[in-house]
file entry_20.txt (compact mmCIF, C-alpha atoms)
# COMPACT_ATOMS: atom_id res chain seq x y z
CA MET A 670 9.80 -1.14 13.20
CA ASN A 671 9.71 0.59 9.82
CA HIS A 672 8.84 4.22 9.16
CA LYS A 673 5.18 3.48 8.34
CA THR A 674 4.63 1.46 11.50
CA LEU A 675 6.44 4.04 13.62
CA SER A 676 4.32 6.89 12.30
CA ALA A 677 1.10 4.95 12.76
CA ALA A 678 2.10 3.82 16.23
CA LEU A 679 2.74 7.40 17.27
CA LEU A 680 -0.63 8.45 15.91
CA ALA A 681 -2.27 5.77 18.02
CA ALA A 682 -0.38 6.64 21.20
CA GLY A 683 -2.49 9.45 22.58
CA ALA A 684 -0.37 9.98 25.67
CA ILE A 685 2.69 10.68 23.51
CA VAL A 686 1.50 12.63 20.49
CA ARG A 687 -0.81 15.63 20.69
CA PRO A 688 -0.89 17.36 17.30
CA CYS A 689 -1.50 21.11 17.51
CA ILE A 690 -3.99 21.78 14.72
CA ALA A 691 -6.14 24.87 15.02
CA GLY A 692 -9.76 23.81 15.33
CA GLY A 693 -8.87 20.12 15.25
CA THR A 694 -9.87 17.39 17.68
CA TYR A 695 -7.56 14.59 18.76
CA VAL A 696 -9.23 11.17 18.83
CA GLU A 697 -7.67 8.03 20.26
CA ILE A 698 -8.57 5.03 18.12
CA GLY A 699 -7.17 2.44 20.51
CA ALA A 700 -4.04 0.89 21.94
CA PHE A 701 -1.77 -1.40 19.90
CA VAL A 702 -3.46 -0.65 16.59
CA THR A 703 -1.91 0.57 13.34
CA PRO A 704 -4.03 3.02 11.31
CA THR A 705 -2.83 3.12 7.70
CA ALA A 706 -5.46 4.94 5.64
CA ALA A 707 -8.27 7.47 5.62
CA ASN A 708 -10.89 8.12 2.97
CA THR A 709 -11.17 11.35 1.00
CA ASP A 710 -12.99 13.43 3.63
CA GLY A 711 -11.35 11.74 6.64
CA SER A 712 -14.58 10.33 8.00
CA VAL A 713 -13.36 6.72 7.82
CA VAL A 714 -10.02 5.37 9.05
CA ALA A 715 -8.74 1.85 8.34
CA GLY A 716 -5.89 -0.23 9.68
CA TYR A 717 -5.12 -3.41 11.55
CA ASP A 718 -4.35 -4.85 14.96
CA SER A 719 -2.78 -8.20 15.84
CA ALA A 720 -5.91 -10.15 14.95
CA SER A 721 -7.95 -8.24 12.38
CA TYR A 722 -8.39 -5.34 10.02
CA PHE A 723 -10.57 -2.54 11.36
CA VAL A 724 -12.49 0.56 10.35
CA TYR A 725 -13.08 3.50 12.63
CA THR A 726 -15.77 6.17 12.31
CA THR A 727 -16.96 8.76 14.79
CA GLU A 728 -20.45 7.28 14.72
CA GLY A 729 -19.53 3.61 14.85
CA GLY A 730 -16.25 3.68 16.75
CA TYR A 731 -13.72 0.89 16.39
CA GLN A 732 -15.06 -2.00 14.28
CA PRO A 733 -13.00 -5.18 13.62
CA ILE A 734 -13.78 -6.50 10.13
CA GLY A 735 -11.73 -9.70 9.92
CA GLY A 736 -9.26 -10.26 7.10
CA ALA A 737 -5.65 -11.41 7.44
CA PRO A 738 -3.54 -8.65 9.04
CA PRO A 739 0.12 -8.27 8.01
CA GLY A 740 2.63 -10.62 9.62
CA ASP A 741 3.34 -14.36 9.78
CA ASN A 742 3.79 -14.77 6.01
CA VAL A 743 0.86 -12.45 5.27
CA GLY A 744 1.50 -9.33 3.21
CA GLY A 745 -0.66 -6.35 2.43
CA ASN A 746 -1.60 -2.89 3.62
CA PRO A 747 -5.11 -1.71 4.56
CA SER A 748 -6.27 1.04 2.20
CA LEU A 749 -9.56 2.80 1.52
CA SER A 750 -11.60 3.87 -1.48
CA GLY A 751 -12.49 7.55 -1.65
CA ASP A 752 -15.96 7.05 -0.22
CA GLY A 753 -14.63 4.75 2.52
CA MET A 754 -16.94 1.90 1.54
CA ARG A 755 -14.22 -0.51 0.39
CA VAL A 756 -11.21 -1.56 2.48
CA ALA A 757 -8.54 -3.25 0.36
CA GLY A 758 -5.98 -5.67 1.74
CA THR A 759 -5.64 -9.39 2.29
CA SER A 760 -8.00 -12.07 3.57
CA ARG A 761 -8.04 -15.86 3.69
CA ASN A 762 -9.75 -17.75 0.90
CA GLN A 763 -11.63 -20.49 2.74
CA ALA A 764 -11.73 -22.65 -0.41
CA THR A 765 -7.94 -22.77 -0.81
CA THR A 766 -6.82 -21.73 2.75
CA TRP A 767 -4.41 -19.32 1.04
CA THR A 768 -4.36 -15.61 1.85
CA GLU A 769 -5.26 -13.54 -1.20
CA MET A 770 -5.76 -9.98 -2.41
CA SER A 771 -9.23 -8.91 -1.29
CA TYR A 772 -11.46 -6.04 -0.35
CA PHE A 773 -14.03 -5.64 2.39
CA ASP A 774 -17.37 -4.26 1.21
CA ARG A 775 -18.79 -2.23 4.08
CA ALA A 776 -22.23 -2.12 2.46
CA THR A 777 -22.59 -5.90 2.70
CA SER A 778 -20.06 -6.57 5.49
CA THR A 779 -18.33 -9.19 3.35
CA TRP A 780 -14.82 -9.87 2.08
CA VAL A 781 -14.52 -10.25 -1.69
CA ILE A 782 -11.58 -12.38 -2.91
CA CYS A 783 -9.85 -10.80 -5.91
CA GLY A 784 -7.76 -13.85 -6.84
CA ASN A 785 -4.15 -14.78 -7.54
CA LEU A 786 -1.69 -15.47 -10.36
CA GLY A 787 -1.73 -19.24 -10.05
CA ALA A 788 0.93 -19.98 -7.44
CA ASN A 789 1.68 -19.56 -3.76
CA SER A 790 4.56 -18.99 -1.38
CA GLY A 791 3.79 -20.85 1.81
CA THR A 792 0.20 -19.94 2.64
CA SER A 793 0.25 -16.69 0.64
CA ALA A 794 -1.07 -16.56 -2.93
CA SER A 795 -1.45 -12.79 -3.32
CA SER A 796 -1.79 -9.64 -1.22
CA GLY A 797 -3.48 -6.27 -1.54
CA TRP A 798 -1.51 -3.04 -1.03
CA GLY A 799 -3.71 -0.28 -2.40
CA ILE A 800 -7.02 0.70 -3.97
CA SER A 801 -8.11 3.37 -6.41
CA ARG A 802 -10.23 6.27 -5.23
CA ASP A 803 -13.21 5.00 -7.21
CA GLY A 804 -12.85 1.62 -5.48
CA ASN A 805 -12.84 -0.36 -8.73
CA THR A 806 -9.14 -1.32 -8.78
CA VAL A 807 -7.15 -3.15 -6.10
CA VAL A 808 -3.36 -3.45 -6.46
CA GLY A 809 -0.60 -5.55 -4.93
CA LEU A 810 1.32 -8.67 -5.85
CA GLY A 811 0.64 -12.28 -6.78
CA TRP A 812 3.04 -15.20 -6.51
CA ILE A 813 4.06 -16.93 -9.76
CA SER A 814 6.30 -19.41 -7.93
CA ALA A 815 7.36 -20.02 -4.34
CA GLY A 816 10.12 -17.40 -4.59
CA ASN A 817 8.95 -15.00 -7.28
CA ALA A 818 6.04 -12.53 -7.37
CA HIS A 819 4.68 -10.06 -9.89
CA GLY A 820 2.90 -6.80 -9.28
CA CYS A 821 -0.71 -7.04 -10.33
CA HIS A 822 -4.09 -5.36 -10.23
CA TRP A 823 -7.66 -6.54 -9.96
CA ARG A 824 -10.34 -4.52 -11.70
CA GLU A 825 -14.10 -4.69 -11.35
CA GLY A 826 -15.46 -6.73 -14.26
CA VAL A 827 -11.98 -7.68 -15.52
CA GLY A 828 -10.24 -9.68 -12.81
CA MET A 829 -6.52 -10.08 -12.10
CA THR A 830 -3.84 -8.73 -14.44
CA SER A 831 -0.10 -9.26 -13.98
CA LEU A 832 2.31 -6.42 -14.71
CA GLY A 833 5.19 -8.85 -15.01
CA SER A 834 8.85 -7.98 -14.49
CA THR A 835 11.39 -6.27 -16.75
CA VAL A 836 14.23 -8.16 -15.05
CA VAL A 837 14.18 -11.90 -15.67
CA GLY A 838 13.65 -13.91 -12.51
CA ARG A 839 13.05 -10.87 -10.29
CA SER A 840 9.92 -9.74 -8.47
CA THR A 841 7.75 -6.63 -8.62
CA ARG A 842 4.96 -5.18 -6.51
CA VAL A 843 2.35 -2.44 -6.91
CA ASN A 844 2.04 -0.28 -3.79
CA GLY A 845 -0.47 2.27 -5.01
CA THR A 846 -2.58 3.57 -7.87
CA ASN A 847 -4.11 6.82 -9.04
CA ALA A 848 -7.74 7.88 -8.68
CA ASP A 849 -9.17 5.82 -11.54
CA GLY A 850 -6.78 2.86 -11.45
CA THR A 851 -4.94 3.56 -14.71
CA VAL A 852 -1.47 4.38 -13.28
CA PHE A 853 0.41 2.13 -10.85
CA VAL A 854 3.46 2.74 -8.67
CA GLY A 855 5.67 0.36 -6.72
CA TRP A 856 8.98 -1.42 -7.13
CA GLN A 857 11.00 -3.57 -9.49
CA ASP A 858 13.77 -5.80 -8.15
CA ASN A 859 16.93 -5.19 -10.17
CA ALA A 860 19.53 -7.88 -10.85
CA SER A 861 21.13 -7.40 -7.42
CA GLY A 862 17.78 -7.58 -5.63
CA PHE A 863 17.51 -3.83 -4.91
CA ARG A 864 13.90 -2.60 -4.95
CA GLN A 865 13.91 0.27 -7.45
CA GLY A 866 10.96 2.63 -7.63
CA CYS A 867 8.87 2.47 -10.77
CA ARG A 868 5.64 3.60 -12.40
CA TRP A 869 3.42 1.71 -14.82
CA ILE A 870 0.97 3.28 -17.25
CA GLY A 871 -1.03 0.34 -18.44
CA SER A 872 1.66 -2.34 -18.66
CA ALA A 873 4.49 0.03 -19.70
CA GLN A 874 7.02 0.41 -16.89
CA THR A 875 9.26 3.42 -16.14
CA LEU A 876 12.10 2.92 -13.66
CA ILE A 877 12.81 5.89 -11.40
CA SER A 878 16.40 7.11 -10.93
CA GLY A 879 17.95 10.29 -9.58
CA THR A 880 21.30 11.89 -10.27
CA GLY A 881 22.92 9.51 -7.76
CA GLY A 882 21.35 6.33 -9.09
CA PRO A 883 18.21 4.21 -8.68
CA MET A 884 15.59 5.44 -6.20
CA GLY A 885 13.88 3.28 -3.60
CA GLU A 886 10.37 1.92 -3.92
CA ALA A 887 7.51 4.24 -4.86
CA SER A 888 4.65 4.42 -2.37
CA GLY A 889 2.05 6.77 -3.80
CA CYS A 890 1.04 9.01 -6.68
CA SER A 891 -1.21 11.96 -7.38
CA ALA A 892 -4.79 11.62 -8.60
CA ASP A 893 -3.73 11.77 -12.27
CA GLY A 894 -0.58 9.67 -11.67
CA SER A 895 1.83 12.35 -12.87
CA VAL A 896 3.54 12.87 -9.49
CA VAL A 897 5.15 9.91 -7.71
CA VAL A 898 6.67 9.86 -4.21
CA GLY A 899 8.76 7.29 -2.43
CA ASN A 900 11.47 5.90 -0.22
CA GLY A 901 14.94 7.41 0.07
CA THR A 902 18.14 5.45 -0.55
CA SER A 903 21.86 5.96 -0.21
CA SER A 904 21.86 7.42 -3.74
CA ASN A 905 20.02 10.54 -2.50
CA GLY A 906 21.22 10.69 1.10
CA SER A 907 18.26 8.60 2.31
CA GLN A 908 15.84 11.47 1.72
CA ALA A 909 12.20 11.18 0.74
CA TRP A 910 11.69 12.08 -2.91
CA ARG A 911 9.16 13.38 -5.44
CA TRP A 912 9.28 12.51 -9.14
CA THR A 913 7.68 13.77 -12.35
CA ALA A 914 8.44 12.75 -15.92
CA ALA A 915 9.35 16.33 -16.82
CA GLY A 916 11.41 17.25 -13.77
CA GLY A 917 12.79 13.92 -12.63
CA VAL A 918 13.59 13.32 -8.96
CA VAL A 919 13.47 16.15 -6.42
CA ASN A 920 14.75 15.35 -2.95
CA ILE A 921 12.34 16.57 -0.27
CA GLY A 922 14.51 15.69 2.78
CA PRO A 923 16.06 16.79 5.05
CA PRO A 924 18.44 13.83 5.21
CA PRO A 925 17.58 11.53 8.11
CA VAL A 926 20.04 11.08 10.98
CA ASN A 927 21.18 8.21 13.18
CA GLY A 928 20.58 5.59 10.52
CA TRP A 929 16.92 6.36 9.79
CA ARG A 930 15.71 6.65 6.21
CA GLY A 931 13.24 9.19 4.89
CA ALA A 932 10.18 8.30 2.84
CA ALA A 933 7.14 9.98 1.35
CA VAL A 934 4.17 7.60 1.52
CA ALA A 935 1.35 9.67 0.01
CA VAL A 936 0.71 12.83 -1.99
CA SER A 937 -2.23 15.18 -2.50
CA ASP A 938 -4.12 15.47 -5.77
call {"tool": "encode", "arguments": {"input": "entry_20.txt", "output": "structure tokens"}}
result
Amino acid sequence: MNHKTLSAALLAAGAIVRPCIAGGTYVEIGAFVTPTAANTDGSVVAGYDSASYFVYTTEGGYQPIGGAPPGDNVGGNPSLSGDGMRVAGTSRNQATTWTEMSYFDRATSTWVICGNLGANSGTSASSGWGISRDGNTVVGLGWISAGNAHGCHWREGVGMTSLGSTVVGRSTRVNGTNADGTVFVGWQDNASGFRQGCRWIGSAQTLISGTGGPMGEASGCSADGSVVVGNGTSSNGSQAWRWTAAGGVVNIGPPPVNGWRGAAVAVSD
């Protein structure tokens, strides 16, 4: 179980975790579910179980919405637009039978297929890992061959765009984007296969390194894209980190113990 799944599993396990937040109310979403995202005001939560994506609201409760949840050669991560009306991730294209980057439109209760980059790996053609706050940009990866994928984004009215790779023959992926879908963060495989954190502005890529060497994959960024956070590696004592162009990497540990790694998965505006 990775750090994201562990955190989400603990949030879902009401008998184990009881956060002490003044004035707050603890709500159990359900057993054996993995919540991964909330919208801007926290009124909508999204995630997945073994069979489906879901949304949860106080008024509507737990609502399965279909899609292709992660696992069994399916990638992706449920994420929400700021208003909670679009759930980005992965669903199956009935025309091709491949799983592809998609979003669920809650207004129409339909999945919208974003597309792919022209190839597939097994039954996967592309997968969705994030969405902009305005809901107009979905990010993730698309396969360009059976063993190689490129980070990409889909934009309303534009379609799919590949961000390519700066290392020949190696893969990339976009994990997240800023509020208006103009900055992207994720990872670039280096020559050895290590997933190094990076940021793209448009198609221009910046690799993220600290004083000890390359940093692990980037998971999220601030609303304007100037602050990036991500996964710790041996080069920084396996601590979560925060990066800016002006200040570089700042470790925000403390260093994990007993073999666990630290990671920052999201950041405020």
call {"tool": "residues_around", "arguments": {"input": "entry_20.txt", "residues": "A:Gly889", "least_positions_apart": "3", "cutoff": "10 Å", "atoms": "all atoms listed in the file", "output": "PyMOL selection string"}}
result
chain A and resi 799+843-847+853-855+868+886+892+894+896-899+911+933-937
call {"tool": "residues_around", "arguments": {"input": "entry_20.txt", "residues": "stretch 710-721 of chain A", "least_positions_apart": "6", "cutoff": "10 Å", "atoms": "all atoms listed in the file", "output": "number ranges by chain"}}
result
A: 677, 698-704, 727-740, 746-758, 760
call {"tool": "closest_residue", "arguments": {"input": "entry_20.txt", "among": "A:Ser795, A:Thr705, A:Ser878, A:Asn817", "to": "A:Thr902", "atoms": "all atoms listed in the file"}}
result
A:Ser878
call {"tool": "closest_residue", "arguments": {"input": "entry_20.txt", "among": "A:Val836, A:Ala909, A:Val827, A:Cys821", "to": "A:Ala860", "atoms": "all atoms listed in the file"}}
result
A:Val836
call {"tool": "residues_around", "arguments": {"input": "entry_20.txt", "residues": "A:Gly828", "least_positions_apart": "6", "cutoff": "8 Å", "atoms": "all atoms listed in the file", "output": "PyMOL selection string"}}
result
chain A and resi 783-784+822
call {"tool": "atom_distance", "arguments": {"input": "entry_20.txt", "atom1": "atom CA of A:Gly885", "atom2": "atom CA of A:Gly901"}}
result
5.6 Å
call {"tool": "residues_around", "arguments": {"input": "entry_20.txt", "residues": "A:Trp812", "least_positions_apart": "5", "cutoff": "8 Å", "atoms": "all atoms listed in the file", "output": "list in words"}}
result
Asn785, Leu786, Gly787, Ala788, Asn789, Ser790, Ser793, Ala794, Ser795, Asn817, Ala818 and His819 of chain A
call {"tool": "residues_around", "arguments": {"input": "entry_20.txt", "residues": "A:Asp858", "least_positions_apart": "6", "cutoff": "12 Å", "atoms": "only C-alpha atoms", "output": "number ranges by chain"}}
result
A: 817-820, 833-843, 864-867, 876, 883-886
